[in-house]
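Structure file structure-v4.cif with mmCIF, C-alpha atoms:
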data_final
#
loop_
_atom_site.group_PDB
_atom_site.id
_atom_site.type_symbol
_atom_site.label_atom_id
_atom_site.label_comp_id
_atom_site.auth_asym_id
_atom_site.auth_seq_id
_atom_site.Cartn_x
_atom_site.Cartn_y
_atom_site.Cartn_z
ATOM 1 C CA MET A 945 -18.537 4.883 -4.365
ATOM 2 C CA ALA A 946 -18.868 8.587 -3.556
ATOM 3 C CA GLU A 947 -15.707 8.561 -1.436
ATOM 4 C CA TYR A 948 -13.674 7.269 -4.391
ATOM 5 C CA ALA A 949 -15.264 9.753 -6.830
ATOM 6 C CA PRO A 950 -14.638 7.639 -9.955
ATOM 7 C CA GLN A 951 -14.203 9.739 -13.093
ATOM 8 C CA ASN A 952 -15.397 7.193 -15.655
ATOM 9 C CA ILE A 953 -16.825 3.692 -16.112
ATOM 10 C CA ALA A 954 -13.403 2.023 -15.924
ATOM 11 C CA ASP A 955 -12.701 3.742 -12.598
ATOM 12 C CA ALA A 956 -16.136 2.735 -11.290
ATOM 13 C CA GLU A 957 -15.447 -0.925 -12.088
ATOM 14 C CA LYS A 958 -12.149 -0.743 -10.185
ATOM 15 C CA VAL A 959 -13.914 0.847 -7.231
ATOM 16 C CA LEU A 960 -16.636 -1.816 -7.177
ATOM 17 C CA ARG A 961 -13.973 -4.502 -7.229
ATOM 18 C CA GLU A 962 -12.194 -2.917 -4.274
ATOM 19 C CA ILE A 963 -15.426 -2.563 -2.294
ATOM 20 C CA MET A 964 -16.031 -6.237 -3.009
ATOM 21 C CA GLN A 965 -12.559 -7.109 -1.786
ATOM 22 C CA GLU A 966 -13.114 -5.301 1.508
ATOM 23 C CA ILE A 967 -16.457 -7.039 2.111
ATOM 24 C CA ALA A 968 -14.858 -10.401 1.308
ATOM 25 C CA LEU A 969 -12.088 -9.742 3.830
ATOM 26 C CA ALA A 970 -14.687 -8.823 6.456
ATOM 27 C CA GLY A 971 -16.581 -12.063 5.890
ATOM 28 C CA LEU A 972 -13.425 -14.145 6.028
ATOM 29 C CA GLN A 973 -12.329 -12.438 9.237
ATOM 30 C CA ARG A 974 -15.694 -12.956 10.914
ATOM 31 C CA SER A 975 -15.474 -16.659 10.026
ATOM 32 C CA GLY A 976 -12.045 -17.028 11.687
ATOM 33 C CA PHE A 977 -10.101 -17.436 8.441
ATOM 34 C CA PHE A 978 -7.220 -15.258 9.588
ATOM 35 C CA GLU A 979 -6.500 -17.592 12.477
ATOM 36 C CA LYS A 980 -5.169 -19.934 9.785
ATOM 37 C CA ALA A 981 -4.076 -17.662 6.937
ATOM 38 C CA ALA A 982 -2.446 -14.343 6.075
ATOM 39 C CA PHE A 983 -3.193 -11.850 3.315
ATOM 40 C CA TYR A 984 -0.437 -10.918 0.874
ATOM 41 C CA GLU A 985 0.405 -9.695 -2.659
ATOM 42 C CA GLY A 986 -0.775 -6.513 -4.405
ATOM 43 C CA THR A 987 -4.270 -6.135 -2.977
ATOM 44 C CA ALA A 988 -2.891 -6.355 0.563
ATOM 45 C CA LEU A 989 -0.516 -3.528 -0.354
ATOM 46 C CA ARG A 990 -3.351 -1.499 -1.855
ATOM 47 C CA ILE A 991 -5.797 -1.861 1.043
ATOM 48 C CA PHE A 992 -3.501 -1.881 4.074
ATOM 49 C CA TYR A 993 -0.235 -0.231 3.034
ATOM 50 C CA ASN A 994 -1.544 2.565 0.770
ATOM 51 C CA LEU A 995 -0.155 1.370 -2.545
ATOM 52 C CA ASP A 996 -1.443 3.950 -5.032
ATOM 53 C CA ARG A 997 -2.666 1.586 -7.732
ATOM 54 C CA PHE A 998 -5.656 -0.710 -7.974
ATOM 55 C CA SER A 999 -5.214 -4.478 -7.681
ATOM 56 C CA GLU A 1000 -7.460 -7.315 -8.835
ATOM 57 C CA ASP A 1001 -7.079 -10.496 -6.786
ATOM 58 C CA LEU A 1002 -7.207 -11.719 -3.185
ATOM 59 C CA ASP A 1003 -4.150 -13.843 -2.363
ATOM 60 C CA PHE A 1004 -3.669 -15.708 0.902
ATOM 61 C CA SER A 1005 -1.116 -18.039 2.423
ATOM 62 C CA LEU A 1006 -1.768 -20.549 5.171
ATOM 63 C CA LEU A 1007 0.340 -20.001 8.277
ATOM 64 C CA VAL A 1008 1.122 -23.727 8.442
ATOM 65 C CA GLN A 1009 1.361 -26.026 5.424
ATOM 66 C CA ASP A 1010 -1.854 -28.051 5.057
ATOM 67 C CA PRO A 1011 -2.499 -29.513 1.563
ATOM 68 C CA GLY A 1012 -5.844 -30.883 2.818
ATOM 69 C CA PHE A 1013 -7.159 -27.465 3.802
ATOM 70 C CA SER A 1014 -10.770 -26.689 2.811
ATOM 71 C CA ILE A 1015 -12.015 -23.143 2.388
ATOM 72 C CA ALA A 1016 -15.691 -24.099 2.063
ATOM 73 C CA PHE A 1017 -16.692 -23.081 5.609
ATOM 74 C CA TYR A 1018 -15.063 -19.653 5.278
ATOM 75 C CA LEU A 1019 -16.635 -19.002 1.892
ATOM 76 C CA GLU A 1020 -20.092 -19.541 3.348
ATOM 77 C CA GLY A 1021 -19.327 -16.957 6.005
ATOM 78 C CA MET A 1022 -18.133 -14.581 3.318
ATOM 79 C CA LYS A 1023 -21.359 -15.009 1.310
ATOM 80 C CA ARG A 1024 -23.372 -14.210 4.436
ATOM 81 C CA GLU A 1025 -21.428 -10.969 4.827
ATOM 82 C CA PHE A 1026 -22.355 -9.894 1.299
ATOM 83 C CA GLU A 1027 -25.980 -10.905 1.825
ATOM 84 C CA ALA A 1028 -26.151 -8.859 5.048
ATOM 85 C CA LEU A 1029 -25.334 -5.833 2.894
ATOM 86 C CA GLY A 1030 -27.954 -6.754 0.297
ATOM 87 C CA ILE A 1031 -25.446 -8.041 -2.260
ATOM 88 C CA GLN A 1032 -25.652 -11.409 -3.990
ATOM 89 C CA ILE A 1033 -22.467 -13.119 -5.178
ATOM 90 C CA ALA A 1034 -21.689 -16.408 -6.856
ATOM 91 C CA ILE A 1035 -18.560 -18.414 -6.080
ATOM 92 C CA ASN A 1036 -17.150 -20.433 -8.956
ATOM 93 C CA GLU A 1037 -14.354 -22.972 -9.032
ATOM 94 C CA LYS A 1038 -11.327 -21.675 -10.886
ATOM 95 C CA GLU A 1039 -10.139 -24.416 -13.201
ATOM 96 C CA LYS A 1040 -6.466 -25.320 -13.247
ATOM 97 C CA ASN A 1041 -4.895 -26.855 -16.311
ATOM 98 C CA LYS A 1042 -1.639 -26.975 -18.204
ATOM 99 C CA LYS A 1043 -2.620 -24.105 -20.464
ATOM 100 C CA ASN A 1044 -3.115 -21.862 -17.445
ATOM 101 C CA ALA A 1045 0.247 -22.962 -16.113
ATOM 102 C CA ILE A 1046 1.919 -21.491 -19.189
ATOM 103 C CA ASP A 1047 0.392 -18.060 -18.645
ATOM 104 C CA SER A 1048 0.382 -17.950 -14.852
ATOM 105 C CA ALA A 1049 3.337 -16.855 -12.804
ATOM 106 C CA PHE A 1050 3.415 -19.664 -10.248
ATOM 107 C CA LEU A 1051 0.493 -22.064 -10.606
ATOM 108 C CA LYS A 1052 0.786 -24.635 -7.835
ATOM 109 C CA ALA A 1053 -1.199 -27.840 -7.696
ATOM 110 C CA ASP A 1054 -1.889 -27.261 -3.995
ATOM 111 C CA THR A 1055 -3.368 -23.786 -4.432
ATOM 112 C CA VAL A 1056 -7.104 -23.324 -3.823
ATOM 113 C CA TRP A 1057 -8.592 -21.172 -6.604
ATOM 114 C CA LYS A 1058 -12.036 -19.572 -6.454
ATOM 115 C CA GLU A 1059 -13.728 -16.798 -8.397
ATOM 116 C CA LEU A 1060 -16.173 -14.348 -6.839
ATOM 117 C CA LEU A 1061 -18.820 -12.957 -9.175
ATOM 118 C CA LEU A 1062 -20.780 -9.826 -8.327
ATOM 119 C CA LYS A 1063 -23.923 -9.342 -10.414
ATOM 120 C CA ASP A 1064 -25.712 -6.128 -11.367
ATOM 121 C CA ILE A 1065 -26.142 -4.454 -7.969
ATOM 122 C CA ILE A 1066 -26.521 -0.954 -9.461
ATOM 123 C CA ASN A 1067 -27.903 -1.827 -12.908
ATOM 124 C CA GLN A 1068 -24.429 -1.582 -14.401
ATOM 125 C CA GLU A 1069 -25.664 -2.391 -17.907
ATOM 126 C CA SER A 1070 -27.793 0.760 -17.997
ATOM 127 C CA ILE A 1071 -24.684 2.934 -17.592
ATOM 128 C CA GLY A 1072 -22.443 0.911 -19.898
ATOM 129 C CA MET A 1073 -20.623 -1.036 -17.163
ATOM 130 C CA ARG A 1074 -19.966 -4.735 -17.491
ATOM 131 C CA PRO A 1075 -22.872 -6.741 -15.994
ATOM 132 C CA ASP A 1076 -20.578 -8.611 -13.639
ATOM 133 C CA ILE A 1077 -17.420 -7.895 -11.696
ATOM 134 C CA LYS A 1078 -15.051 -10.753 -10.915
ATOM 135 C CA ILE A 1079 -12.200 -11.196 -8.482
ATOM 136 C CA LYS A 1080 -10.017 -14.242 -8.061
ATOM 137 C CA LEU A 1081 -9.331 -15.715 -4.646
ATOM 138 C CA GLU A 1082 -6.279 -17.922 -4.106
ATOM 139 C CA VAL A 1083 -5.044 -19.728 -0.991
ATOM 140 C CA ASP A 1084 -1.591 -21.303 -1.016
ATOM 141 C CA THR A 1085 -2.059 -24.387 1.153
ATOM 142 C CA ASN A 1086 1.599 -25.444 1.000
ATOM 143 C CA PRO A 1087 3.472 -22.135 1.110
ATOM 144 C CA PRO A 1088 7.156 -21.457 1.651
ATOM 145 C CA LEU A 1089 7.388 -20.435 5.294
ATOM 146 C CA GLY A 1090 9.812 -18.168 7.140
ATOM 147 C CA PHE A 1091 7.581 -15.077 6.956
ATOM 148 C CA SER A 1092 6.246 -12.742 9.655
ATOM 149 C CA THR A 1093 2.757 -11.271 9.943
ATOM 150 C CA GLU A 1094 1.046 -8.311 11.562
ATOM 151 C CA ASP A 1095 -2.573 -7.360 12.218
ATOM 152 C CA LYS A 1096 -3.830 -4.450 10.105
ATOM 153 C CA LEU A 1097 -7.014 -2.500 10.800
ATOM 154 C CA LEU A 1098 -9.714 -1.973 8.173
ATOM 155 C CA LEU A 1099 -12.684 0.298 8.933
ATOM 156 C CA ARG A 1100 -15.102 -0.794 6.191
ATOM 157 C CA PRO A 1101 -17.671 -2.337 6.105
ATOM 158 C CA PHE A 1102 -17.009 -2.394 9.883
ATOM 159 C CA SER A 1103 -13.866 -2.211 12.002
ATOM 160 C CA PHE A 1104 -11.844 -5.426 11.997
ATOM 161 C CA TYR A 1105 -8.267 -6.689 11.875
ATOM 162 C CA THR A 1106 -6.750 -8.724 9.052
ATOM 163 C CA ARG A 1107 -3.546 -10.730 9.404
ATOM 164 C CA CYS A 1108 -1.083 -9.613 6.712
ATOM 165 C CA TYR A 1109 2.478 -10.357 5.738
ATOM 166 C CA THR A 1110 4.908 -7.721 6.984
ATOM 167 C CA LEU A 1111 6.215 -5.336 4.344
ATOM 168 C CA SER A 1112 9.700 -6.905 4.205
ATOM 169 C CA ASP A 1113 8.193 -10.313 3.469
ATOM 170 C CA LEU A 1114 5.719 -8.845 0.986
ATOM 171 C CA PHE A 1115 8.720 -7.248 -0.731
ATOM 172 C CA ALA A 1116 10.465 -10.625 -0.825
ATOM 173 C CA GLY A 1117 7.431 -12.172 -2.492
ATOM 174 C CA LYS A 1118 7.188 -9.342 -4.993
ATOM 175 C CA MET A 1119 10.845 -9.687 -5.969
ATOM 176 C CA HIS A 1120 10.422 -13.438 -6.373
ATOM 177 C CA ALA A 1121 7.580 -12.765 -8.829
ATOM 178 C CA LEU A 1122 9.481 -9.975 -10.583
ATOM 179 C CA LEU A 1123 12.608 -12.068 -11.101
ATOM 180 C CA PHE A 1124 11.060 -15.418 -11.963
ATOM 181 C CA ARG A 1125 7.623 -14.737 -13.451
ATOM 182 C CA LYS A 1126 7.124 -17.006 -16.484
ATOM 183 C CA TRP A 1127 4.886 -14.999 -18.785
ATOM 184 C CA LYS A 1128 6.582 -15.590 -22.117
ATOM 185 C CA ASN A 1129 6.548 -12.268 -24.000
ATOM 186 C CA ARG A 1130 4.203 -10.474 -21.626
ATOM 187 C CA VAL A 1131 5.649 -8.119 -19.025
ATOM 188 C CA LYS A 1132 3.864 -7.416 -15.742
ATOM 189 C CA GLY A 1133 4.535 -3.724 -15.290
ATOM 190 C CA ARG A 1134 2.701 -3.844 -11.955
ATOM 191 C CA ASP A 1135 5.692 -5.765 -10.563
ATOM 192 C CA TRP A 1136 7.960 -2.892 -11.519
ATOM 193 C CA TYR A 1137 5.544 -0.264 -10.215
ATOM 194 C CA ASP A 1138 5.479 -2.042 -6.855
ATOM 195 C CA PHE A 1139 9.274 -2.425 -6.908
ATOM 196 C CA GLU A 1140 9.545 1.361 -7.315
ATOM 197 C CA TRP A 1141 6.992 1.856 -4.502
ATOM 198 C CA TYR A 1142 8.990 -0.306 -2.072
ATOM 199 C CA LEU A 1143 12.210 1.512 -2.928
ATOM 200 C CA ARG A 1144 10.604 4.917 -2.423
ATOM 201 C CA ARG A 1145 9.476 3.784 1.047
ATOM 202 C CA GLY A 1146 12.907 2.422 1.944
ATOM 203 C CA THR A 1147 11.435 -1.011 2.740
ATOM 204 C CA PRO A 1148 14.140 -3.634 3.393
ATOM 205 C CA LEU A 1149 13.844 -6.929 1.517
ATOM 206 C CA HIS A 1150 13.824 -10.075 3.688
ATOM 207 C CA LEU A 1151 16.352 -12.158 1.771
ATOM 208 C CA SER A 1152 15.832 -15.443 3.612
ATOM 209 C CA HIS A 1153 12.118 -15.475 2.745
ATOM 210 C CA PHE A 1154 12.954 -14.629 -0.868
ATOM 211 C CA LEU A 1155 15.285 -17.656 -0.855
ATOM 212 C CA ARG A 1156 12.527 -19.946 0.430
ATOM 213 C CA ARG A 1157 10.179 -18.767 -2.295
ATOM 214 C CA ALA A 1158 12.778 -19.197 -5.028
ATOM 215 C CA GLN A 1159 13.580 -22.704 -3.793
ATOM 216 C CA ASP A 1160 9.872 -23.562 -3.560
ATOM 217 C CA SER A 1161 9.308 -22.571 -7.200
ATOM 218 C CA GLY A 1162 12.442 -24.428 -8.330
ATOM 219 C CA ASP A 1163 14.106 -21.258 -9.601
ATOM 220 C CA TRP A 1164 17.001 -21.406 -7.122
ATOM 221 C CA THR A 1165 18.475 -24.787 -6.240
ATOM 222 C CA ILE A 1166 21.338 -23.689 -3.969
ATOM 223 C CA ASP A 1167 20.943 -23.757 -0.167
ATOM 224 C CA ALA A 1168 21.834 -20.093 0.258
ATOM 225 C CA ILE A 1169 21.868 -16.811 -1.629
ATOM 226 C CA THR A 1170 24.066 -13.777 -1.026
ATOM 227 C CA ALA A 1171 23.129 -10.154 -1.440
ATOM 228 C CA THR A 1172 25.544 -9.969 -4.374
ATOM 229 C CA GLN A 1173 23.901 -12.918 -6.101
ATOM 230 C CA PHE A 1174 20.478 -11.378 -5.600
ATOM 231 C CA MET A 1175 21.607 -8.036 -7.018
ATOM 232 C CA ASP A 1176 23.139 -9.773 -10.037
ATOM 233 C CA LEU A 1177 19.775 -11.443 -10.738
ATOM 234 C CA LEU A 1178 17.982 -8.108 -10.444
ATOM 235 C CA HIS A 1179 20.305 -6.192 -12.747
ATOM 236 C CA GLN A 1180 20.116 -8.988 -15.330
ATOM 237 C CA ARG A 1181 16.315 -8.818 -15.190
ATOM 238 C CA ILE A 1182 16.394 -5.063 -15.706
ATOM 239 C CA ASP A 1183 18.677 -5.473 -18.729
ATOM 240 C CA ALA A 1184 16.111 -7.808 -20.297
ATOM 241 C CA LEU A 1185 13.079 -5.622 -19.479
ATOM 242 C CA SER A 1186 10.851 -4.112 -22.182
ATOM 243 C CA ILE A 1187 10.064 -0.709 -20.703
ATOM 244 C CA GLU A 1188 7.198 -0.002 -23.116
ATOM 245 C CA ARG A 1189 5.471 -3.299 -22.379
ATOM 246 C CA ALA A 1190 5.859 -2.687 -18.658
ATOM 247 C CA LYS A 1191 4.234 0.738 -18.994
ATOM 248 C CA ALA A 1192 1.395 -0.654 -21.091
ATOM 249 C CA ASP A 1193 0.572 -3.291 -18.472
ATOM 250 C CA VAL A 1194 0.426 -0.970 -15.473
ATOM 251 C CA ARG A 1195 -1.134 2.112 -17.107
ATOM 252 C CA PRO A 1196 -4.803 0.992 -16.590
ATOM 253 C CA PHE A 1197 -4.192 0.579 -12.854
ATOM 254 C CA VAL A 1198 -2.749 4.024 -12.043
ATOM 255 C CA LYS A 1199 -4.413 7.432 -11.988
ATOM 256 C CA ASP A 1200 -1.453 9.476 -13.195
ATOM 257 C CA ALA A 1201 0.308 7.777 -16.108
ATOM 258 C CA LYS A 1202 2.746 10.708 -16.310
ATOM 259 C CA ARG A 1203 4.556 9.168 -13.366
ATOM 260 C CA LEU A 1204 5.735 6.424 -15.702
ATOM 261 C CA SER A 1205 7.594 8.842 -17.953
ATOM 262 C CA ILE A 1206 10.806 8.465 -15.926
ATOM 263 C CA TRP A 1207 10.853 4.697 -16.413
ATOM 264 C CA SER A 1208 13.933 3.428 -18.227
ATOM 265 C CA LYS A 1209 16.470 0.689 -17.715
ATOM 266 C CA ALA A 1210 18.902 3.255 -16.296
ATOM 267 C CA TYR A 1211 16.235 4.424 -13.807
ATOM 268 C CA PHE A 1212 15.554 0.888 -12.567
ATOM 269 C CA HIS A 1213 19.288 0.158 -12.274
ATOM 270 C CA ASP A 1214 19.654 3.297 -10.150
ATOM 271 C CA LEU A 1215 16.667 2.290 -8.021
ATOM 272 C CA ALA A 1216 18.125 -1.181 -7.534
ATOM 273 C CA ASP A 1217 21.329 0.315 -6.170
ATOM 274 C CA LYS A 1218 19.273 1.898 -3.367
ATOM 275 C CA LEU A 1219 17.730 -1.421 -2.295
ATOM 276 C CA ILE A 1220 18.175 -2.382 1.373
ATOM 277 C CA ILE A 1221 18.611 -6.111 1.995
ATOM 278 C CA ASP A 1222 17.720 -7.645 5.377
ATOM 279 C CA LEU A 1223 20.107 -10.573 5.894
ATOM 280 C CA ASN A 1224 18.477 -11.816 9.135
#

Spell out the structure here as structure tokens.
Amino acid sequence: MAEYAPQNIADAEKVLREIMQEIALAGLQRSGFFEKAAFYEGTALRIFYNLDRFSEDLDFSLLVQDPGFSIAFYLEGMKREFEALGIQIAINEKEKNKKNAIDSAFLKADTVWKELLLKDIINQESIGMRPDIKIKLEVDTNPPLGFSTEDKLLLRPFSFYTRCYTLSDLFAGKMHALLFRKWKNRVKGRDWYDFEWYLRRGTPLHLSHFLRRAQDSGDWTIDAITATQFMDLLHQRIDALSIERAKADVRPFVKDAKRLSIWSKAYFHDLADKLIIDLN
């Protein structure tokens, strides 16, 4: 906690969640989970690729499609890791229903959902913090394939390697979510923050993996996609974007909200024109 130097209760809750995430990854690694799965999405970017915003969930993809996959063994190993550090957690089933499907981006029937619950390790209630901190854990057991992985080193709570998607494939997944997320009137500004982050790094987007994801979700039914078609989709999405709603969503996750002042449709169109597309 001292290394993060949180400035308020909200920051402290984010820090606790991230510490929890790192311990969970350590327990999963020690149990051999990353021989079968890879880490991806926003928390992978935050922990291993220095994304400068907090992220909430732990998202994983199996390396080989296996709808019968069970995570029970690995969760027990993860609980032991927390207990070795003197921390008690509960693991709850995350219910899936049609109502959730309306609000979720891509709720798949073959996704394993769990919820980790951390209870009162520092007497949070006495300082006004919520008495429990939750993070969601998801494993896609039937993922779209065609992605590459790399081993990334984490030093806490001990040194270990985690298998992660490469940045180009993470970018492909992010753009799939950004273009096709079905959230009714809600805008996920974190998608646009990450889009800006990738562009600032000059990360190329792996178009063939984006295509597999779009086909898997049923949002693209053609056998191929060109760079021009992809760019048309992106510019159309920018035209439909509510900038203020995007800012409101991401503001709690960033330290310096002034960085959002440049956001506009024109800015995102200009960013899009700098996108590098990997056609291999």

Exercise. Distance CA of Ala1216 (chain A)-CA of Leu1111 (chain A), one decimal place?
Worked result: 17.3 Å

List the spatial neighbours of His1153 (chain A) as a PDB file with C-alpha atoms, in the coordinates of the input - criterion: any atom at most 8 Å away, all atoms listed in the file, same-chain residues fewer than 4 positions off excluded.
ATOM      1  CA  PRO A1088       7.156 -21.457   1.651  1.00  0.00           C
ATOM      2  CA  LEU A1089       7.388 -20.435   5.294  1.00  0.00           C
ATOM      3  CA  GLY A1090       9.812 -18.168   7.140  1.00  0.00           C
ATOM      4  CA  PHE A1091       7.581 -15.077   6.956  1.00  0.00           C
ATOM      5  CA  ASP A1113       8.193 -10.313   3.469  1.00  0.00           C
ATOM      6  CA  ALA A1116      10.465 -10.625  -0.825  1.00  0.00           C
ATOM      7  CA  GLY A1117       7.431 -12.172  -2.492  1.00  0.00           C
ATOM      8  CA  ARG A1157      10.179 -18.767  -2.295  1.00  0.00           C
TER       9      ARG A1157
END

Exercise. Leaving out Ser1092 (chain A) and any residue of its chain fewer than 6 positions from it, which residues lie within 9 Å of it when counting only C-alpha atoms, given as JSON, numbers by chain?
Worked result: {"A": [1108, 1109, 1110, 1112, 1113]}

For this session: Figure out the distance between CA of Ala1168 (chain A) and CA of Ala981 (chain A), please, to one decimal in Å.
Result: 26.9 Å

Exercise. Could you spell out the hits of the PyMOL selection byres ((chain A and resi 959) around 10) on the shown file, as a list in words?
Worked result: Met945, Ala946, Glu947, Tyr948, Ala949, Pro950, Ile953, Ala954, Asp955, Ala956, Glu957, Lys958, Leu960, Arg961, Glu962, Ile963, Met964, Gln965 and Phe998 of chain A

Problem set entry | Residue neighbourhood region 971-975 of chain A, 12 Å, all atoms listed in the file, exclusion window fewer than 2 positions, as a ChimeraX atom specification | /A:964-969,977-983,1002,1004,1015-1029,1081,1095-1098,1100-1108

Exercise. Which of these residues is nearest to Asp996 (chain A), using only C-alpha atoms: A:Arg1125, A:Ile1077, A:Gly1012, A:Val1198?
Worked result: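 For Asp996 (chain A), the nearest of the candidates is A:Val1198.
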
For this session: For Ile1206 (chain A), please output as a list in words all residues within 12 Å (counting all atoms listed in the file; exclusion window: fewer than 3 positions along the same chain).
Result: Tyr1137, Glu1140, Ile1187, Glu1188, Lys1191, Ala1201, Lys1202, Arg1203, Lys1209, Ala1210, Tyr1211, Phe1212, Asp1214 and Leu1215 of chain A

For this session: Taking the file as shown, find all residues satisfying the PyMOL selection byres ((chain A and resi 1034) around 8) and write them as a list in words.
Result: Gln1032, Ile1033, Ile1035, Asn1036, Leu1060, Leu1061 and Leu1062 of chain A

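The spacing separating CA of Phe992 (chain A) from CA of Leu1099 (chain A) amounts to 10.6 Å.
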
Problem set entry | Surrounding residues of Thr987 (chain A) excluding itself and chain neighbours under 4 positions, 8 Å, only C-alpha atoms, as a VMD selection string | chain A and resid 991 998 to 1003

Exercise. Of the candidates A:Tyr984, A:Ile1169, A:Lys1218, A:Leu1223, which one gets nearest to Glu1094 (chain A) if we count all atoms listed in the file?
Worked result: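 The answer is A:Tyr984, which sits nearest to Glu1094 (chain A).
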
For this session: Starting from the shown file, work through the PyMOL selection byres ((chain A and resi 1175) around 12) and note down what comes out as a list of chain:residue names.
Result: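 That selection, the PyMOL selection byres ((chain A and resi 1175) around 12), comes back as A:Met1119, A:Leu1123, A:Leu1149, A:Leu1151, A:Ile1169, A:Thr1170, A:Ala1171, A:Thr1172, A:Gln1173, A:Phe1174, A:Asp1176, A:Leu1177, A:Leu1178, A:His1179, A:Gln1180, A:Arg1181, A:Ile1182, A:His1213, A:Asp1214, A:Leu1215, A:Ala1216, A:Asp1217, A:Lys1218, A:Leu1219, A:Ile1220, A:Ile1221.
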
Once 3 Å is added on each side, what are the centre and the three edge lengths, in Å to one decimal, of the axis-aligned box enclosing the listed atoms of region 1083-1086 of chain A? Present them as AutoDock Vina command-line options.
--center_x -1.7 --center_y -22.6 --center_z 0.1 --size_x 12.6 --size_y 11.7 --size_z 8.2
